[in-house]
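Take a look at the structure set out below.
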Amino acid sequence: ASSPSLSVAATVSDSGTLSYQWYSSTTSSNSGGTVISGATSASYAAPTLAAGTTYYYVVVTNTNSSATGSQTVTETSSAVSVTVNALTNAATPIIGTQPTGATVNEGASSPSLSVAATVSDSGTLSYQWYSSTTSSSSGGTVISGATSASYAAPTLAVGTTYYYVVVTNTNSSATGSQTASTTSSAVSVTVNALTNAATPSIGTQPTGVTVNEGASSPSLSVAAAVSDSGTLSYQWYSSTTSSNSGGTVISGATSASYAAPTLAAGTTYYYVVVTNINSSATGSQTATETSSAVSVTVNALTNAATPIIGTQPTGATVNEGASSPSL
């Protein structure tokens, strides 16, 4: 604080000259004090650097060189106290609950980092969160708008980021520093990349065939594998064109093989969609691969031609024992 000014007003009835000397003391007495060097004015600015009570007084001396007796005479002021109170600073916040790190998948719900802090005085707590690429609670980057006791860490980018919060107590009634801060520990939030179900690999494609109408159904089959722990499923399709898209789902045809029908003559194309289902994948849990389209041609049956009788046999009447008639 500003130094308090102690002052005295003195007069003298003769033509003498007044001089002053200030003293300090630890007791309420105007004698036995310590001379304050340089304090020789009618006023004195008492120091305020150290807390405590100090007593001050001044000795006023009249010097009259024209006096025929004693040419100096003194008078001492009363001793007055200057009490310097110690400054009260804002209390340092105490963090009772530190934030806790987390490991999440890319795009998952933001983990909530939170801190619980208290303060022993009447101050008001405020918060500022920081991010960092290192496990340190200093030197981080201010996170704009992250000024609450909790913070929802983003999960859009893969990698590890460290977070900490600075808790500040602001106490406007403090006579010393009106703010005091404490910093939480730095915690990591690790965002793992999503793992998708593996795409099936078709090692053996189905093979087309040509058969006669009504023949045994040809078996179309596919051999597929997958590199993860997923489960393969199958769905066969039929089409009138040589394409492995846009076909019609064949109800119940959900095995690795399919017995194509041969009841109707014509050419039909078939393909199968193989699906891998992996419930442990963190991203897409299904992946598909489509086989090539193959044709099954059913030829119409050709029957032997019916004979045409151009000349019918002719009957005859003959005598017993005659030559046999030729029919």
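By order in the structure tokens, chains are A, B, ...; within a chain, residues start at 1; ligands start at 1, following the order shown.
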Please identify the strand (DSSP E or B) residues within stretch 17-264 of chain A (assignment by DSSP from backbone atoms) and present them as a ChimeraX atom specification. /A:17-25,34-35,43-45,52-63,72-76,80-84,94-97,102-105,112-114,116-118,124-132,141-142,150-152,159-170,179-183,187-192,201-204,209-212,219-221,223-225,231-239,248-249,257-259
Since we have the selection now, will you write its residues out, keeping C-alpha atoms, as a short mmCIF file (atom, residue, chain, number, x, y, z; two decimals), in the first residue's frame?
```
data_model
loop_
_atom_site.label_atom_id
_atom_site.label_comp_id
_atom_site.auth_asym_id
_atom_site.auth_seq_id
_atom_site.Cartn_x
_atom_site.Cartn_y
_atom_site.Cartn_z
CA THR A 17 15.30 27.66 13.22
CA LEU A 18 13.42 24.40 13.61
CA SER A 19 14.87 21.02 12.60
CA TYR A 20 13.41 17.53 12.79
CA GLN A 21 14.55 13.97 13.43
CA TRP A 22 12.24 11.01 13.26
CA TYR A 23 12.65 7.82 15.30
CA SER A 24 11.15 4.35 15.16
CA SER A 25 10.47 2.00 18.02
CA THR A 34 16.13 4.26 16.62
CA VAL A 35 17.16 7.21 14.50
CA SER A 43 6.72 14.76 7.69
CA TYR A 44 7.79 11.16 7.21
CA ALA A 45 6.49 8.48 4.87
CA GLY A 52 3.46 -5.52 11.94
CA THR A 53 3.19 -2.47 14.22
CA THR A 54 5.93 0.15 14.49
CA TYR A 55 5.89 3.31 16.61
CA TYR A 56 7.20 6.63 15.39
CA TYR A 57 7.95 9.96 16.98
CA VAL A 58 9.83 13.09 16.00
CA VAL A 59 12.21 15.29 17.96
CA VAL A 60 11.84 18.97 16.99
CA THR A 61 14.91 21.12 17.70
CA ASN A 62 14.98 24.91 17.79
CA THR A 63 18.44 26.36 17.07
CA THR A 72 19.29 24.70 21.15
CA VAL A 73 16.19 23.33 22.76
CA THR A 74 14.14 20.24 21.81
CA GLU A 75 10.59 18.97 22.07
CA THR A 76 9.49 15.40 21.37
CA VAL A 80 2.15 7.01 17.14
CA SER A 81 1.69 3.55 15.74
CA VAL A 82 1.65 2.49 12.12
CA THR A 83 0.16 -0.98 11.75
CA VAL A 84 0.84 -2.76 8.49
CA ILE A 94 -7.92 -27.62 -4.40
CA ILE A 95 -8.68 -30.24 -7.06
CA GLY A 96 -10.44 -33.10 -5.32
CA THR A 97 -11.22 -35.14 -8.44
CA ALA A 102 -10.31 -42.55 -22.15
CA THR A 103 -9.83 -44.75 -25.21
CA VAL A 104 -12.61 -44.60 -27.79
CA ASN A 105 -13.24 -45.44 -31.43
CA SER A 112 -16.47 -36.22 -20.89
CA LEU A 113 -13.40 -35.04 -19.01
CA SER A 114 -14.28 -33.41 -15.70
CA ALA A 116 -14.04 -31.23 -9.16
CA ALA A 117 -12.42 -28.30 -7.33
CA THR A 118 -13.09 -26.34 -4.17
CA THR A 124 -15.33 -17.74 -7.57
CA LEU A 125 -13.85 -20.60 -9.55
CA SER A 126 -13.32 -20.48 -13.32
CA TYR A 127 -11.92 -23.08 -15.72
CA GLN A 128 -9.85 -23.20 -18.89
CA TRP A 129 -9.05 -26.43 -20.71
CA TYR A 130 -5.91 -27.00 -22.76
CA SER A 131 -4.83 -29.64 -25.30
CA SER A 132 -1.34 -30.91 -25.94
CA THR A 141 -2.99 -24.88 -26.48
CA VAL A 142 -6.03 -23.03 -25.16
CA SER A 150 -16.11 -30.59 -17.80
CA TYR A 151 -15.05 -30.87 -21.44
CA ALA A 152 -16.26 -33.19 -24.22
CA GLY A 159 -4.51 -40.44 -32.43
CA THR A 160 -3.72 -39.54 -28.82
CA THR A 161 -4.26 -36.06 -27.39
CA TYR A 162 -3.57 -34.91 -23.83
CA TYR A 163 -5.86 -32.57 -21.92
CA TYR A 164 -5.61 -30.61 -18.69
CA VAL A 165 -7.52 -27.77 -17.04
CA VAL A 166 -6.37 -24.69 -15.15
CA VAL A 167 -8.72 -23.83 -12.28
CA THR A 168 -8.60 -20.18 -11.18
CA ASN A 169 -10.00 -18.66 -7.99
CA THR A 170 -10.92 -14.98 -8.24
CA THR A 179 -6.42 -14.59 -8.28
CA ALA A 180 -4.84 -17.97 -7.62
CA SER A 181 -4.66 -20.96 -9.96
CA THR A 182 -3.95 -24.66 -9.87
CA THR A 183 -3.54 -27.08 -12.76
CA VAL A 187 -4.81 -37.14 -19.20
CA SER A 188 -4.85 -38.83 -22.57
CA VAL A 189 -7.75 -39.43 -24.91
CA THR A 190 -6.84 -42.06 -27.51
CA VAL A 191 -9.04 -42.29 -30.59
CA ASN A 192 -8.63 -45.62 -32.37
CA SER A 201 -12.41 -63.22 -51.35
CA ILE A 202 -14.02 -65.50 -53.95
CA GLY A 203 -11.48 -68.18 -54.83
CA THR A 204 -13.72 -70.29 -57.07
CA VAL A 209 -23.63 -75.06 -68.07
CA THR A 210 -25.91 -76.16 -70.92
CA VAL A 211 -28.47 -78.91 -70.22
CA ASN A 212 -31.63 -80.36 -71.71
CA SER A 219 -25.19 -77.21 -59.23
CA LEU A 220 -23.73 -73.71 -59.31
CA SER A 221 -21.25 -73.17 -56.51
CA ALA A 223 -15.87 -70.95 -52.78
CA ALA A 224 -15.16 -67.86 -50.65
CA ALA A 225 -12.96 -67.01 -47.70
CA THR A 231 -19.16 -65.28 -40.80
CA LEU A 232 -19.99 -65.68 -44.49
CA SER A 233 -23.52 -65.72 -45.85
CA TYR A 234 -24.80 -66.15 -49.43
CA GLN A 235 -27.65 -64.89 -51.62
CA TRP A 236 -28.17 -66.05 -55.20
CA TYR A 237 -29.76 -63.91 -57.90
CA SER A 238 -31.15 -64.62 -61.37
CA SER A 239 -31.15 -62.30 -64.36
CA THR A 248 -33.85 -60.88 -58.86
CA VAL A 249 -33.41 -62.40 -55.43
CA SER A 257 -24.24 -73.67 -53.98
CA TYR A 258 -27.50 -73.46 -55.93
CA ALA A 259 -29.33 -76.04 -58.04
#
```
Could you tell me which of A:Ala42, A:Val119, A:Ala149, A:Ala193 comes closest to A:Glu106 if we count only C-alpha atoms?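 Among the listed residues, the smallest separation from A:Glu106 belongs to A:Ala193.
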If you count only C-alpha atoms, which residues fall within 7 Å of stretch 289-294 of chain A, apart from same-chain ones fewer than 3 positions away, as a PDB file with N, CA, C and O atoms, in the first residue's frame?
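What ended up in selection-v3.pdb:
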```pdb
ATOM      1  N   THR A 199     -13.519 -57.678 -46.655  1.00  0.00           N
ATOM      2  CA  THR A 199     -14.267 -58.045 -47.858  1.00  0.00           C
ATOM      3  C   THR A 199     -13.983 -59.509 -48.210  1.00  0.00           C
ATOM      4  O   THR A 199     -12.812 -59.916 -48.255  1.00  0.00           O
ATOM      5  N   PRO A 200     -15.019 -60.308 -48.456  1.00  0.00           N
ATOM      6  CA  PRO A 200     -14.787 -61.724 -48.801  1.00  0.00           C
ATOM      7  C   PRO A 200     -13.969 -61.856 -50.092  1.00  0.00           C
ATOM      8  O   PRO A 200     -14.044 -61.013 -50.987  1.00  0.00           O
ATOM      9  N   GLN A 205     -15.103 -69.238 -58.770  1.00  0.00           N
ATOM     10  CA  GLN A 205     -16.321 -68.656 -59.302  1.00  0.00           C
ATOM     11  C   GLN A 205     -17.270 -69.771 -59.755  1.00  0.00           C
ATOM     12  O   GLN A 205     -16.833 -70.894 -60.067  1.00  0.00           O
ATOM     13  N   PRO A 206     -18.578 -69.510 -59.817  1.00  0.00           N
ATOM     14  CA  PRO A 206     -19.509 -70.506 -60.351  1.00  0.00           C
ATOM     15  C   PRO A 206     -19.244 -70.727 -61.854  1.00  0.00           C
ATOM     16  O   PRO A 206     -18.694 -69.853 -62.530  1.00  0.00           O
ATOM     17  N   THR A 207     -19.614 -71.883 -62.340  1.00  0.00           N
ATOM     18  CA  THR A 207     -19.385 -72.246 -63.744  1.00  0.00           C
ATOM     19  C   THR A 207     -20.725 -72.454 -64.441  1.00  0.00           C
ATOM     20  O   THR A 207     -21.611 -73.172 -63.935  1.00  0.00           O
ATOM     21  N   GLY A 208     -20.884 -71.841 -65.620  1.00  0.00           N
ATOM     22  CA  GLY A 208     -22.112 -71.995 -66.396  1.00  0.00           C
ATOM     23  C   GLY A 208     -22.210 -73.385 -67.002  1.00  0.00           C
ATOM     24  O   GLY A 208     -21.237 -74.148 -67.055  1.00  0.00           O
ATOM     25  N   SER A 242     -26.512 -60.835 -68.924  1.00  0.00           N
ATOM     26  CA  SER A 242     -25.223 -61.293 -68.403  1.00  0.00           C
ATOM     27  C   SER A 242     -24.594 -60.188 -67.539  1.00  0.00           C
ATOM     28  O   SER A 242     -23.615 -59.529 -67.914  1.00  0.00           O
ATOM     29  N   SER A 243     -25.197 -59.968 -66.373  1.00  0.00           N
ATOM     30  CA  SER A 243     -24.732 -58.918 -65.459  1.00  0.00           C
ATOM     31  C   SER A 243     -24.849 -59.420 -64.028  1.00  0.00           C
ATOM     32  O   SER A 243     -25.778 -60.178 -63.713  1.00  0.00           O
ATOM     33  N   ASN A 244     -23.879 -59.012 -63.190  1.00  0.00           N
ATOM     34  CA  ASN A 244     -23.958 -59.421 -61.782  1.00  0.00           C
ATOM     35  C   ASN A 244     -24.488 -58.300 -60.891  1.00  0.00           C
ATOM     36  O   ASN A 244     -24.091 -58.148 -59.740  1.00  0.00           O
ATOM     37  N   TYR A 269     -29.182 -66.205 -66.357  1.00  0.00           N
ATOM     38  CA  TYR A 269     -27.877 -65.898 -65.755  1.00  0.00           C
ATOM     39  C   TYR A 269     -28.029 -65.901 -64.233  1.00  0.00           C
ATOM     40  O   TYR A 269     -29.056 -65.459 -63.685  1.00  0.00           O
ATOM     41  N   TYR A 270     -26.983 -66.376 -63.585  1.00  0.00           N
ATOM     42  CA  TYR A 270     -27.009 -66.464 -62.126  1.00  0.00           C
ATOM     43  C   TYR A 270     -25.704 -65.897 -61.546  1.00  0.00           C
ATOM     44  O   TYR A 270     -24.627 -66.033 -62.153  1.00  0.00           O
ATOM     45  N   TYR A 271     -25.845 -65.260 -60.374  1.00  0.00           N
ATOM     46  CA  TYR A 271     -24.672 -64.824 -59.612  1.00  0.00           C
ATOM     47  C   TYR A 271     -25.027 -64.858 -58.132  1.00  0.00           C
ATOM     48  O   TYR A 271     -26.202 -64.952 -57.753  1.00  0.00           O
ATOM     49  N   VAL A 272     -23.991 -64.809 -57.295  1.00  0.00           N
ATOM     50  CA  VAL A 272     -24.208 -64.856 -55.853  1.00  0.00           C
ATOM     51  C   VAL A 272     -23.479 -63.690 -55.186  1.00  0.00           C
ATOM     52  O   VAL A 272     -22.368 -63.311 -55.588  1.00  0.00           O
ATOM     53  N   VAL A 273     -24.124 -63.090 -54.178  1.00  0.00           N
ATOM     54  CA  VAL A 273     -23.499 -62.052 -53.346  1.00  0.00           C
ATOM     55  C   VAL A 273     -23.075 -62.714 -52.035  1.00  0.00           C
ATOM     56  O   VAL A 273     -23.905 -63.278 -51.307  1.00  0.00           O
ATOM     57  N   VAL A 274     -21.766 -62.659 -51.764  1.00  0.00           N
ATOM     58  CA  VAL A 274     -21.212 -63.228 -50.535  1.00  0.00           C
ATOM     59  C   VAL A 274     -21.025 -62.091 -49.529  1.00  0.00           C
ATOM     60  O   VAL A 274     -20.377 -61.085 -49.849  1.00  0.00           O
ATOM     61  N   THR A 275     -21.570 -62.249 -48.330  1.00  0.00           N
ATOM     62  CA  THR A 275     -21.500 -61.208 -47.299  1.00  0.00           C
ATOM     63  C   THR A 275     -20.728 -61.711 -46.089  1.00  0.00           C
ATOM     64  O   THR A 275     -20.988 -62.823 -45.606  1.00  0.00           O
TER      65      THR A 275
END
```
One-decimal distance in Å that lies between atom CA of A:Pro307 and atom CA of A:Ser324: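 For atom CA of A:Ser324 relative to atom CA of A:Pro307, the distance reads 27.1 Å.
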Near A:Pro325, counting only C-alpha atoms, which residues have an atom at most 9 Å away, once you skip same-chain residues fewer than 4 positions from it, shown as JSON, numbers by chain? {"A": [315, 316, 317, 318]}
Please dump the current selection as a JSON list (two decimals), in the first residue's frame; keep N, CA, C and O atoms.
```json
[["chain", "number", "residue", "atom", "x", "y", "z"],
["A", 315, "GLY", "N", -55.79, -106.36, -98.36],
["A", 315, "GLY", "CA", -56.26, -107.71, -98.02],
["A", 315, "GLY", "C", -56.40, -108.62, -99.27],
["A", 315, "GLY", "O", -56.35, -108.16, -100.40],
["A", 316, "ALA", "N", -56.56, -109.93, -99.03],
["A", 316, "ALA", "CA", -56.69, -110.86, -100.16],
["A", 316, "ALA", "C", -57.56, -112.05, -99.78],
["A", 316, "ALA", "O", -57.69, -112.36, -98.58],
["A", 317, "THR", "N", -58.16, -112.75, -100.76],
["A", 317, "THR", "CA", -58.92, -113.99, -100.56],
["A", 317, "THR", "C", -58.26, -115.08, -101.40],
["A", 317, "THR", "O", -58.11, -114.93, -102.61],
["A", 318, "VAL", "N", -57.84, -116.15, -100.80],
["A", 318, "VAL", "CA", -57.13, -117.23, -101.52],
["A", 318, "VAL", "C", -57.69, -118.57, -101.08],
["A", 318, "VAL", "O", -58.38, -118.66, -100.05]]
```
Long-range neighbours of A:Ala108 as a VMD selection string, 10 Å cut-off, only C-alpha atoms, 5 positions minimum in chain: chain A and resid 154 to 156 191 to 192 194 282
